[in-house]
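These notes concern the structure reproduced below.
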Amino acid sequence: MSQSIVTDRIETGRGVIHWFRFASPYSFYPVAARLEPWFWALAIAFGLAGLWVGFFVAPTDAQQGEGYRIIFVHVPASWLSMFIYLVMAGWAAIGLALNTRLAGMWAQALAPTGALMAFLSLWTGAFWGKPMWGTWWVWDARLTSELILFFLYLGFIALQAAIDDPRRADKAGAIIALVGAINVPIIYFSVKWWNTLHQGSSVSMTKAPSMAMTMFTGMILMALCFWMYSIAIALRRVRAIILEREAHTEWVQQLPEVKA
Amino acid sequence: MAVVRRDLLLAMRRKTEVLTALFFFVIVTSLFPLGIGPETALLRKIAPGVLWVGALLATMLGLQRMFAADHADGTLEQMVLSPSPLALLVSGKNIAHWLVSGLPLVVLAPILGIQFDLSGGELGILMLSLLLGTPVLSLVGAIGAALTLGVRGGGVLLSLLVLPLYVPALIFGAGAVQAYNSGLGAAGHLSLLAALLVIALFFAPWATTAALRIALE
Amino acid sequence: MLSAHQLTCVRGERTLFTGLDLAVGAGEWLHVRGGNGCGKTSLLRLLAGLASPAAGEIRWGEHPVREDLQAYHQAMLFLGHQGAVKEELTALENLQLAAELDGATLDEEEAIAALHRFGLKGREHLPVRFLSAGQKRRVLLARLVTRKAKLWILDEPFTALDTRAVDMLGGLVGEHLAEGGMAVVTSHQAIPLGNGKAIEL
């Protein structure tokens with residue numbers, strides 16, 4: 001919409017708050033393109049470091065043998081899935097409050113990655129559980145909460161996919177994301193309560209062996225890797241979303257990648 | 001309030017929709033013994049969960065009804081344009097919906113509970129848990145109903161959105177009966193359920209109001 | 001007293017109109033014209049406060065409508081495409097409940113008088129379901145009479161009305177304007193009323 005580009009340009013011309021300069025899809029698009037490679041590089045760097053620590057430096061666990069190493073994927077994935085949900089809900093809230101398009105696009109871009117992290121956490125949890133306790137699934141409080149978080153992600157993505165009007169999709173998504181965010185602690189608490197009252201002697205994943213420093217370092221490195229990866233892929237996705245949603249504007253139609 | 005009266009009047013004149021959801025509750029809960037086996041001890045154990053899940057699903061069936069009809073015939077628009085605060089009108093709709101969908105479940109549940117050989121005390125706790133829990137289901141479900149107004153795949157999408165949010169109520173509600181059963185006493189669960197109700201009463205109408213305005217834009 | 005400045009309306013990806021200005025004073029009415037899909041209904045919904053414009057401002061008197069939406073809604077009546085009547089309720093119940101929703105109480109006699117005026121004598125106590133399309137629209141029109149609003153925003157009010165009802169509505173709007181009211185109307189047909197302005201979308 002040429003009108004909004006004009007207002008944005010006028011704002012940057014007057015030097016209004018530096019931040020808002022990048023608040024329009026038009027200004028952010030090239031910035032995202034420039035930032036993306038950096039985050040991929042960081043992701044690879046952290047990933048290599050984390051995997052090295054996880055597989056070569058951290059000691060073999062006395063009880064669980066080599067299989068426990070999957071924790072280096074499982075735990076960071078869980079952390080990221082929750083972190084991304086909060087960030088997604090935060091961006092959605094900003095989009096709702098300030099009525100900006102880009103914030104909503106960010107939330108839309110983050111959701112699939114968050115869902116992936118949750119899914120990864122669930123799968124690695126299952127792979128961890130099988131050799132340990134002989135079952136593919138354990139109704140542990142954290143795994144169950146993770147499952148519900150996964151459903152919350154799916155709900156958000158499905159709602160946005162079902163609504164044709166992108167502005168309405170943004171706002172509706174914001175509401176469900178916020179309601180979900182408020183509910184996550186409640187759900188976690190209730191599942192924990194349910195778990196402690198029902199589980200007798202079965203093992204819980206939270207009762208991990210006392211953490212050696214190296215293990216912790218390995219997890220942090222992998223978490224940073226996933227975080228950088230999430231940002232990189234979100235940047236790529238945001239650019240695709242911008243192209244799609246602003247397809248009718250002149251500046252998009254003039255882009256080399258679109259003209260081709 | 002006018003909204004409550006109007007919705008109750010409408011429900012009385014369109015009885016079939018309401019009764020369908022109730023029959024669903026009855027049928028679904030009866031399916032479980034058929035699927036699991038008539039062993040009494042086992043049935044008593046699964047009863048609270050089964051009855052609660054049945055109540056949950058029956059509530060889901062009735063959720064779309066809350067706003068869809070009003071949206072289709074333009075009365076929802078008039079509600080949004082009314083000088084009365086929308087949050088108040090939405091609360092009225094929630095109350096009417098609960099009276100028509102939730103309260104009957106509370107009344108029916110003990111009768112179905114007998115099928116599962118639950119004792120009198122257990123039935124009482126079950127009723128109380130449903131009495132506290134079904135309003136939560138109506139209030140939270142209203143948010144989903146408002147968000148999915150006129151959206152493709154509404155019913156299934158609504159379930160996907162709302163069922164994860166129902167988990168705490170389910171856990172505390174069914175858990176109350178089980179706790180009573182095991183001698184721990186249901187007070188803890190019931191008070192948590194009551195806390196959920198208070199939180200929902202304060203926050204859900206706002207979210208529903210916002211969602212309605214978005215749906216009508 | 002109703003004015004709009006530099007209104008921009010966006011529906012999905014399309015910009016329907018930009019930089020729209022309009023003003024309607026007491027005793028005046030605005031005829032919004034344009035082909036289908038040009039944004040007539042969108043404009044009316046913006047004016048009613050159902051949606052916020054992408055840019056621009058709507059004022060009621062001196063103040064932007066946004067500031068006191070409730071007061072604006074008190075003074076305004078919007079009738080959209082759909083009937084806004086509940087089919088299972090009787091015409092009388094519809095009118096009374098609609099009034100209560102607006103925070104006022106409607107005398108049964110007043111309601112019945114309004115219904116009679118629109119030729120619904122003998123049908124006040126029938127569920128609206130049993131009325132013809134034209135009669136259903138007339139229940140809605142009865143609401144114009146019972147709800148005392150200064151500004152009427154009517155979207156295609158003449159649909160499904162026969163010539164007699166069209167004349168009745170025309171007369172009603174005329175009376176309303178004479179009393180100092182205002183109206184914004186979309187319609188495909190010409191409306192023979194004085195003091196009219198037109199906008200083409």
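Ordered as shown in the structure tokens, chains take letters A, B, and onward, while each chain numbers its residues from 1 and ligands are numbered from 1 in the order shown.
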Using only C-alpha atoms, which residues of range 58-145 of chain A come within 12 Å of range 35-48 of chain A, and what is the closest atom pair for each, with the distance in Å to one decimal? Give it as a Markdown table, sorted by chain and residue number.
| residue | atom | partner | partner_atom | distance |
| --- | --- | --- | --- | --- |
| A:Phe72 | CA | A:Gly47 | CA | 10.6 |
| A:Val73 | CA | A:Gly47 | CA | 10.4 |
| A:Pro76 | CA | A:Gly47 | CA | 11.4 |
Write the selection just made, keeping C-alpha atoms, as an mmCIF file, in the first residue's frame?
data_model
loop_
_atom_site.group_PDB
_atom_site.id
_atom_site.type_symbol
_atom_site.label_atom_id
_atom_site.label_comp_id
_atom_site.auth_asym_id
_atom_site.auth_seq_id
_atom_site.Cartn_x
_atom_site.Cartn_y
_atom_site.Cartn_z
ATOM 1 C CA PHE A 72 21.228 -32.936 24.620
ATOM 2 C CA VAL A 73 18.516 -32.637 22.039
ATOM 3 C CA PRO A 76 17.072 -27.776 24.612
#
inquiry  = Taking only C-alpha atoms into account and nothing else, which residues of chain A lie no more than 9 Å away from chain C? Please answer as a VMD selection string.
reply    = chain A and resid 1 164 to 168 245 to 248
request  = Write out as a ChimeraX atom specification every residue belonging to chain C that has an atom at most 10 Å from any atom of chain B, counting only C-alpha atoms.
outcome  = /C:11,42,45-46,48-52,69-89,93-94,96-103
Residues of chain A that approach chain B to 7 Å or less, counting only C-alpha atoms: could you list each one with the shortest pair of atoms and its distance in Å to one decimal, rows by chain and increasing residue number, as a tab-separated table?
residue	atom	partner	partner_atom	distance
A:Ile148	CA	B:Pro164	CA	5.9
A:Phe151	CA	B:Pro164	CA	6.6
A:Leu152	CA	B:Pro164	CA	6.7
A:Gly155	CA	B:Leu161	CA	4.9
A:Leu159	CA	B:Leu157	CA	6.9
A:Ala162	CA	B:Arg152	CA	5.8
A:Ile163	CA	B:Val151	CA	6.1
A:Arg168	CA	B:Ile214	CA	6.4
A:Lys171	CA	B:Ile214	CA	6.9
A:Ala172	CA	B:Leu147	CA	6.1
A:Ile175	CA	B:Ala207	CA	6.9
A:Asn183	CA	B:Leu165	CA	6.8
A:Ile186	CA	B:Pro168	CA	6.9
A:Ile187	CA	B:Pro168	CA	5.5
A:Ser190	CA	B:Pro168	CA	5.4
A:Trp194	CA	B:Ile171	CA	6.5
Just C-alpha atoms for this one: save the residues we selected as a compact mmCIF listing (two decimals), in the first residue's frame.
# COMPACT_ATOMS: atom_id res chain seq x y z
CA ILE A 148 -0.48 -29.97 25.41
CA PHE A 151 -1.63 -28.88 20.73
CA LEU A 152 -1.67 -25.18 21.58
CA GLY A 155 -4.42 -24.70 17.38
CA LEU A 159 -6.76 -20.94 13.35
CA ALA A 162 -8.48 -21.18 8.47
CA ILE A 163 -9.08 -17.43 8.43
CA ARG A 168 -8.33 -10.94 11.23
CA LYS A 171 -5.76 -10.62 15.71
CA ALA A 172 -7.59 -13.88 16.32
CA ILE A 175 -6.05 -13.79 21.33
CA ASN A 183 -3.01 -21.09 30.59
CA ILE A 186 -2.09 -23.40 34.93
CA ILE A 187 -1.91 -26.45 32.69
CA SER A 190 -2.51 -29.13 37.01
CA TRP A 194 -2.23 -35.02 38.48
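Going from CA of Gly141 in chain B over to CA of Ile27 in chain B, you cover 22.0 Å.
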key: DSSP helix (DSSP H, G or I) residues within range 31-252 of chain A, listed as a PyMOL selection string   = chain A and resi 31-57+66-98+101-133+141-162+166-198+213-245+250-252
inquiry  = Applying 9 Å and only C-alpha atoms, which residues near Thr217 in chain A remain after dropping the ones on its own chain fewer than 6 positions away? List them as a VMD selection string.
reply    = chain A and resid 50 53 to 54
